[in-house]
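**Student:** One structure is given below, represented as structure tokens, and several questions about it will come after.
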There are 2 protein chains.
Amino acid sequence: MNKPSLYTILSPELLHLYNIKNSVVVIIDVFRATSTIATALYNGAEKIIPVDSVEKCIAIGKQTPNSITAGERDGKIIEGLQFGNSPAEYPKNIIAGKTLVLTTTNGTKLLHMALNNGADEIITGSFPNLNAVCHFLSKQNKQVFLGCSAWKNRVNLEDTLFAGAIIHQIKKYFTIHCDSSLMAEQMYTHHKKDMYAFARLTTHWHRLSQYGLEKDLEYCVTENVADVLPLYKNGSLIAANN
Amino acid sequence: MNKPSLYTILSPELLHLYNIKNSVVVIIDVFRATSTIATALYNGAEKIIPVDSVEKCIAIGKQTPNSITAGERDGKIIEGLQFGNSPAEYPKNIIAGKTLVLTTTNGTKLLHMALNNGADEIITGSFPNLNAVCHFLSKQNKQVFLGCSAWKNRVNLEDTLFAGAIIHQIKKYFTIHCDSSLMAEQMYTHHKKDMYAFARLTTHWHRLSQYGLEKDLEYCVTENVADVLPLYKNGSLIAANN
């Protein structure tokens with residue numbers, strides 16, 4: 001039996017080079033949107049509504065009972081919203097049973113692109129939910145695209161490393177003719193044992209650690225501490241029965 | 001003194017994310033355009049005119065005394081042209097004193113993009129002329145962009161590895177806040193000792209080795225065997241006095 005293909009797309013700007021119709025797309029935004037999404041769902045959030053602007057975030061928050069609005073710019077909560085973009089802000093006692101209306105830039109943009117280009121299933125991935133993502137992908141028998149959200153469309157290391165972490169676990173289920181995937185897996189394999197130190201070299205770490213977010217960033221490169229599968233359905237991310 | 005910046009651009013599709021005005025841009029197309037360019041100039045070609053279509057190649061060839069037209073598709077010389085895209089086709093006795101009119105797809109496209117976006121200097125780089133490129137870049141005291149030609153805009157491993165080879169040599173002269181550069185250098189550092197074996201894993205090697213081009217590909221990942229600096233001036237690449 002032919003194995004389905006797997007590709008890694010290192011920036012949203014490269015998505016159009018691939019035909020993602022009828023495929024599974026994994027949205028990856030390690031620092032910090034998809035890490036926060038996994039954490040909030042793991043801690044009992046009913047659902048997460050990803051939106052691409054502050055205005056929509058506020059409007060949807062108002063319409064949605066039992067909701068929290070969240071978003072950051074430059075490491076601070078955006079005016080008019082209630083919470084930030086840190087996974088640490090969403091323990092069970094805060095988020096269980098609630099709807100999180102989350103505004104992010106890079107990740108949400110890519111999610112909507114995947115949707116508009118006909119992806120069959122969209123899930124989100126991050127180190128905290130690595131195993132759930134791998135388990136799901138290995139059972140689908142469908143073409144997979146690992147979509148890195150990047151930073152303002154510039155390729156980033158942390159999303160690439162996470163794509164590599166997925167490939168490292170599940171490559172036997174796929175046919176992989178994709179140099180980006182090869183590089184991603186190599187980067188992960190070489191650095192999985194010094195991930196905390198290595199992630200410190202990323203441009204994003206530099207940017208965010210200036211805001212005192214070091215603990216957050218360490219959490220975001222820790223595997224399987226919020227091992228749930230966020231599945232996009234009808235405008236929301238929900239924890240799937242994996 | 002502030003050091004100038006260095007960035008790696010992994011695909012022509014990402015070039016527009018950077019302001020390359022007044023910078024030095026290195027065009028990288030390891031398999032095989034920029035390797036062939038270095039080799040032809042090293043072996044005494046007077047100049048190389050890179051063109052983006054077969055029609056232009058033929059027309060310019062006709063107007064240019066003492067010229068050779070060259071280009072390949074799918075590993076074969078294009079009908080109407082005289083030579084292919086292999087560095088092995090350009091020994092001294094064939095190419096010395098001649099003008100090579102070379103049609104390539106990925107590399108020429110990127111070169112013209114760099115030109116149209118205001119690059120100050122454009123050079124081409126490949127493993128065969130690694131040292132010449134590094135020597136030049138280290139003396140410029142200007143911002144540098146390493147432009148990978150990629151394959152149909154998809155990121156490829158061989159161009160990334162060569163970007164890494166440059167960075168490995170000259171990083172002390174530059175400020176590098178660029179995850180693509182970090183990855184490129186890591187890939188090169190991890191694999192410089194098994195480059196022949198590692199390059200075999202690239203999708204492009206698979207593609208070209210089907211045409212019996214293994215020897216060519218090995219040559220294209222061999223450092224400093226045609227150590228000349230191809231500099232773009234007035235529509236042609238010439239060997240600069242480095």
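Simple scheme: letters A, B, ... for chains in structure tokens order, numbers from 1 for residues in each chain, numbers from 1 for ligands in the order shown.
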Output as number ranges by chain all residues of range 82-166 of chain B that backbone DSSP marks as alpha helix (DSSP H).

**Tutor:** B: 92-95, 106-116, 130-140, 157-166

**Student:** Hey, can you spit out that residue selection with N, CA and C atoms as a compact mmCIF listing (two decimals), in the first residue's frame?

**Tutor:**
```
# COMPACT_ATOMS: atom_id res chain seq x y z
N LYS B 92 38.69 24.10 -19.78
CA LYS B 92 39.40 25.23 -20.41
C LYS B 92 39.35 25.21 -21.94
N ASN B 93 39.60 24.03 -22.52
CA ASN B 93 39.69 23.97 -23.98
C ASN B 93 38.35 24.25 -24.67
N ILE B 94 37.29 24.16 -23.95
CA ILE B 94 35.96 24.47 -24.51
C ILE B 94 35.58 25.93 -24.26
N ILE B 95 35.82 26.41 -23.04
CA ILE B 95 35.16 27.64 -22.61
C ILE B 95 36.08 28.87 -22.56
N ASN B 106 15.48 28.59 -11.81
CA ASN B 106 15.44 29.10 -10.44
C ASN B 106 16.46 30.21 -10.18
N GLY B 107 17.70 29.98 -10.57
CA GLY B 107 18.77 30.92 -10.25
C GLY B 107 18.62 32.26 -10.97
N THR B 108 18.32 32.22 -12.27
CA THR B 108 18.20 33.46 -13.04
C THR B 108 17.03 34.30 -12.54
N LYS B 109 15.96 33.63 -12.20
CA LYS B 109 14.79 34.35 -11.68
C LYS B 109 15.15 35.13 -10.41
N LEU B 110 15.86 34.49 -9.52
CA LEU B 110 16.24 35.15 -8.27
C LEU B 110 17.21 36.30 -8.54
N LEU B 111 18.13 36.09 -9.46
CA LEU B 111 19.09 37.15 -9.79
C LEU B 111 18.35 38.40 -10.28
N HIS B 112 17.39 38.21 -11.16
CA HIS B 112 16.65 39.36 -11.66
C HIS B 112 15.79 40.01 -10.56
N MET B 113 15.28 39.20 -9.66
CA MET B 113 14.52 39.77 -8.53
C MET B 113 15.44 40.64 -7.68
N ALA B 114 16.62 40.16 -7.42
CA ALA B 114 17.58 40.92 -6.59
C ALA B 114 17.92 42.24 -7.27
N LEU B 115 18.11 42.17 -8.56
CA LEU B 115 18.43 43.36 -9.35
C LEU B 115 17.29 44.37 -9.27
N ASN B 116 16.07 43.90 -9.49
CA ASN B 116 14.90 44.78 -9.50
C ASN B 116 14.59 45.36 -8.12
N LEU B 130 33.40 28.58 -2.79
CA LEU B 130 33.08 29.02 -1.42
C LEU B 130 34.06 30.07 -0.89
N ASN B 131 35.33 29.79 -0.97
CA ASN B 131 36.30 30.71 -0.36
C ASN B 131 36.29 32.09 -1.00
N ALA B 132 36.16 32.13 -2.32
CA ALA B 132 36.14 33.42 -3.02
C ALA B 132 34.95 34.26 -2.55
N VAL B 133 33.80 33.60 -2.40
CA VAL B 133 32.60 34.29 -1.93
C VAL B 133 32.82 34.82 -0.51
N CYS B 134 33.35 33.99 0.35
CA CYS B 134 33.55 34.38 1.75
C CYS B 134 34.55 35.53 1.85
N HIS B 135 35.61 35.43 1.09
CA HIS B 135 36.63 36.47 1.13
C HIS B 135 36.02 37.82 0.72
N PHE B 136 35.25 37.81 -0.35
CA PHE B 136 34.60 39.03 -0.84
C PHE B 136 33.65 39.60 0.22
N LEU B 137 32.78 38.76 0.75
CA LEU B 137 31.77 39.24 1.70
C LEU B 137 32.42 39.82 2.96
N SER B 138 33.50 39.21 3.39
CA SER B 138 34.12 39.65 4.64
C SER B 138 34.78 41.03 4.50
N LYS B 139 35.01 41.46 3.26
CA LYS B 139 35.68 42.75 3.02
C LYS B 139 34.73 43.91 2.74
N GLN B 140 33.44 43.62 2.56
CA GLN B 140 32.54 44.65 2.04
C GLN B 140 32.03 45.63 3.10
N LEU B 157 17.52 21.70 0.30
CA LEU B 157 18.58 21.46 1.27
C LEU B 157 19.94 21.92 0.78
N GLU B 158 20.24 21.69 -0.51
CA GLU B 158 21.61 21.96 -0.97
C GLU B 158 21.92 23.46 -0.95
N ASP B 159 20.96 24.29 -1.31
CA ASP B 159 21.22 25.74 -1.27
C ASP B 159 21.34 26.21 0.18
N THR B 160 20.51 25.65 1.05
CA THR B 160 20.58 25.99 2.47
C THR B 160 21.93 25.59 3.06
N LEU B 161 22.40 24.41 2.70
CA LEU B 161 23.71 23.95 3.19
C LEU B 161 24.82 24.90 2.75
N PHE B 162 24.73 25.38 1.53
CA PHE B 162 25.79 26.28 1.07
C PHE B 162 25.71 27.63 1.80
N ALA B 163 24.50 28.11 2.02
CA ALA B 163 24.37 29.32 2.84
C ALA B 163 25.05 29.09 4.19
N GLY B 164 24.82 27.91 4.75
CA GLY B 164 25.44 27.55 6.03
C GLY B 164 26.97 27.53 5.96
N ALA B 165 27.49 27.07 4.84
CA ALA B 165 28.95 27.01 4.66
C ALA B 165 29.54 28.43 4.69
N ILE B 166 28.84 29.36 4.05
CA ILE B 166 29.30 30.76 4.07
C ILE B 166 29.28 31.29 5.51
```

**Student:** May I have the residues within 12 Å of Lys62 in chain A as a list of chain:residue names, using only C-alpha atoms and disregarding those fewer than 3 positions away in the same chain?

**Tutor:**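 Skipping anything fewer than 3 positions along the chain leaves A:Glu55, A:Lys56, A:Cys57, A:Ile58, A:Ala59, A:Pro65, A:Asn66, A:Ser67, A:Ile68, A:Thr69, A:Gly80, A:Leu81, A:Gln82, A:Thr99, A:Leu100, A:Val101.
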
**Student:** Need the shell around Lys152 in chain A: protein/DNA/RNA residues with any atom at most 12 Å away, counting only C-alpha atoms. Skip same-chain ones fewer than 5 positions apart. Format as JSON, numbers by chain?

**Tutor:** {"A": [10, 11, 12, 13, 29, 104, 105, 106, 107, 109, 110, 204], "B": [14, 16, 17, 18]}

**Student:** Take the residues from that selection and write them out as a CSV table (one decimal), in the first residue's frame, keeping C-alpha atoms.

**Tutor:**
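Result went into selection.csv, see below:
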```csv
chain,number,residue,atom,x,y,z
A,10,LEU,CA,8.2,26.7,6.6
A,11,SER,CA,6.2,29.9,6.1
A,12,PRO,CA,2.6,30.8,5.3
A,13,GLU,CA,4.1,32.6,2.3
A,29,ASP,CA,2.9,28.4,16.4
A,104,THR,CA,-3.1,35.9,17.4
A,105,THR,CA,-1.4,37.1,14.3
A,106,ASN,CA,0.8,34.5,12.7
A,107,GLY,CA,-1.1,31.3,13.7
A,109,LYS,CA,-3.7,33.8,9.6
A,110,LEU,CA,-2.3,30.4,8.6
A,204,HIS,CA,11.8,34.9,18.9
B,14,LEU,CA,10.4,35.1,0.7
B,16,HIS,CA,10.1,40.5,-0.5
B,17,LEU,CA,10.0,40.2,3.2
B,18,TYR,CA,13.5,41.9,3.4
```

**Student:** Could you give me, as a CSV table (one decimal) with C-alpha atoms, in the first residue's frame, each residue of range 36-220 of chain A that DSSP assigns to strand (DSSP E) when run on this structure's backbone?

**Tutor:**
```csv
chain,number,residue,atom,x,y,z
A,47,LYS,CA,-13.5,25.6,23.1
A,48,ILE,CA,-11.2,28.2,21.6
A,49,ILE,CA,-12.2,30.7,18.9
A,50,PRO,CA,-9.1,32.0,17.1
A,51,VAL,CA,-9.6,35.4,15.6
A,67,SER,CA,-16.0,33.6,27.6
A,68,ILE,CA,-12.6,35.1,28.1
A,69,THR,CA,-11.0,37.4,25.5
A,70,ALA,CA,-7.2,37.2,25.1
A,72,GLU,CA,-1.0,40.3,23.5
A,73,ARG,CA,1.2,42.7,21.6
A,76,LYS,CA,1.4,42.9,27.2
A,77,ILE,CA,-2.3,42.3,27.3
A,99,THR,CA,-14.7,29.7,25.8
A,100,LEU,CA,-11.4,31.4,25.0
A,101,VAL,CA,-11.6,34.0,22.3
A,102,LEU,CA,-7.9,34.3,21.3
A,103,THR,CA,-6.5,36.8,18.9
A,121,GLU,CA,-8.9,18.5,8.8
A,122,ILE,CA,-7.1,21.3,10.7
A,123,ILE,CA,-5.4,20.6,14.0
A,124,THR,CA,-3.0,22.7,16.0
A,125,GLY,CA,0.3,21.4,17.3
A,144,VAL,CA,-0.3,15.7,5.9
A,145,PHE,CA,1.1,19.3,5.8
A,146,LEU,CA,3.0,20.7,8.7
A,147,GLY,CA,2.3,24.4,8.5
A,148,CYS,CA,4.8,26.6,10.4
```

**Student:** Specify as a ChimeraX atom specification all residues of chain B found within 12 Å of chain A, counting only C-alpha atoms.

**Tutor:** /B:7-18,150-161,176-191,198-207

**Student:** Could you please take those selected residues and save C-alpha atoms as a PDB file, in the first residue's frame?

**Tutor:**
```pdb
ATOM      1  CA  TYR B   7      20.248  37.161   6.474  1.00  0.00           C
ATOM      2  CA  THR B   8      19.485  33.923   4.683  1.00  0.00           C
ATOM      3  CA  ILE B   9      16.460  33.847   2.363  1.00  0.00           C
ATOM      4  CA  LEU B  10      15.428  30.244   1.838  1.00  0.00           C
ATOM      5  CA  SER B  11      13.216  30.784  -1.222  1.00  0.00           C
ATOM      6  CA  PRO B  12      12.751  33.552  -3.821  1.00  0.00           C
ATOM      7  CA  GLU B  13       9.161  33.660  -2.560  1.00  0.00           C
ATOM      8  CA  LEU B  14      10.442  35.125   0.719  1.00  0.00           C
ATOM      9  CA  LEU B  15      12.695  37.795  -0.799  1.00  0.00           C
ATOM     10  CA  HIS B  16      10.053  40.526  -0.547  1.00  0.00           C
ATOM     11  CA  LEU B  17      10.046  40.222   3.247  1.00  0.00           C
ATOM     12  CA  TYR B  18      13.471  41.858   3.352  1.00  0.00           C
ATOM     13  CA  ALA B 150      15.214  26.795  -4.171  1.00  0.00           C
ATOM     14  CA  TRP B 151      13.308  24.479  -6.514  1.00  0.00           C
ATOM     15  CA  LYS B 152      10.130  25.961  -7.954  1.00  0.00           C
ATOM     16  CA  ASN B 153      10.213  28.155  -4.851  1.00  0.00           C
ATOM     17  CA  ARG B 154      10.221  25.178  -2.492  1.00  0.00           C
ATOM     18  CA  VAL B 155      13.025  25.355   0.049  1.00  0.00           C
ATOM     19  CA  ASN B 156      15.844  22.962  -0.786  1.00  0.00           C
ATOM     20  CA  LEU B 157      18.579  21.456   1.271  1.00  0.00           C
ATOM     21  CA  GLU B 158      21.606  21.964  -0.973  1.00  0.00           C
ATOM     22  CA  ASP B 159      21.216  25.740  -1.267  1.00  0.00           C
ATOM     23  CA  THR B 160      20.576  25.988   2.468  1.00  0.00           C
ATOM     24  CA  LEU B 161      23.709  23.952   3.187  1.00  0.00           C
ATOM     25  CA  ILE B 176      23.068  37.611  12.588  1.00  0.00           C
ATOM     26  CA  HIS B 177      19.519  37.708  13.978  1.00  0.00           C
ATOM     27  CA  CYS B 178      18.002  35.285  11.538  1.00  0.00           C
ATOM     28  CA  ASP B 179      16.698  31.804  12.303  1.00  0.00           C
ATOM     29  CA  SER B 180      17.169  30.660   8.701  1.00  0.00           C
ATOM     30  CA  SER B 181      20.856  31.501   9.011  1.00  0.00           C
ATOM     31  CA  LEU B 182      21.076  29.678  12.318  1.00  0.00           C
ATOM     32  CA  MET B 183      19.489  26.578  10.791  1.00  0.00           C
ATOM     33  CA  ALA B 184      21.632  26.769   7.679  1.00  0.00           C
ATOM     34  CA  GLU B 185      24.821  26.936   9.683  1.00  0.00           C
ATOM     35  CA  GLN B 186      23.708  24.113  11.948  1.00  0.00           C
ATOM     36  CA  MET B 187      22.926  21.903   8.961  1.00  0.00           C
ATOM     37  CA  TYR B 188      26.313  22.626   7.432  1.00  0.00           C
ATOM     38  CA  THR B 189      28.221  22.123  10.678  1.00  0.00           C
ATOM     39  CA  HIS B 190      26.542  18.802  11.355  1.00  0.00           C
ATOM     40  CA  HIS B 191      27.101  17.485   7.850  1.00  0.00           C
ATOM     41  CA  PHE B 198      24.051  13.750   3.137  1.00  0.00           C
ATOM     42  CA  ALA B 199      23.505  15.550  -0.179  1.00  0.00           C
ATOM     43  CA  ARG B 200      22.224  12.241  -1.567  1.00  0.00           C
ATOM     44  CA  LEU B 201      19.183  12.634   0.666  1.00  0.00           C
ATOM     45  CA  THR B 202      18.025  15.809  -1.076  1.00  0.00           C
ATOM     46  CA  THR B 203      14.990  15.669  -3.367  1.00  0.00           C
ATOM     47  CA  HIS B 204      17.038  17.314  -6.104  1.00  0.00           C
ATOM     48  CA  TRP B 205      19.682  14.581  -5.987  1.00  0.00           C
ATOM     49  CA  HIS B 206      16.938  12.008  -6.452  1.00  0.00           C
ATOM     50  CA  ARG B 207      15.623  13.943  -9.419  1.00  0.00           C
TER      51      ARG B 207
END
```

**Student:** CA of Thr64 in chain B and CA of Pro91 in chain B are how many Å apart?

**Tutor:**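 Computing the Euclidean distance for CA of Thr64 in chain B and CA of Pro91 in chain B yields 20.4 Å.
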
**Student:** When you draw a straight line from CA of Ser86 in chain B to CA of Thr36 in chain B, how long is it in Å?

**Tutor:**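 Separation of CA of Ser86 in chain B and CA of Thr36 in chain B: 6.1 Å.
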
**Student:** What is the CA of Asn2 in chain A to CA of Asp74 in chain B distance in Å?

**Tutor:**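 Interatomic distance here is 25.5 Å.
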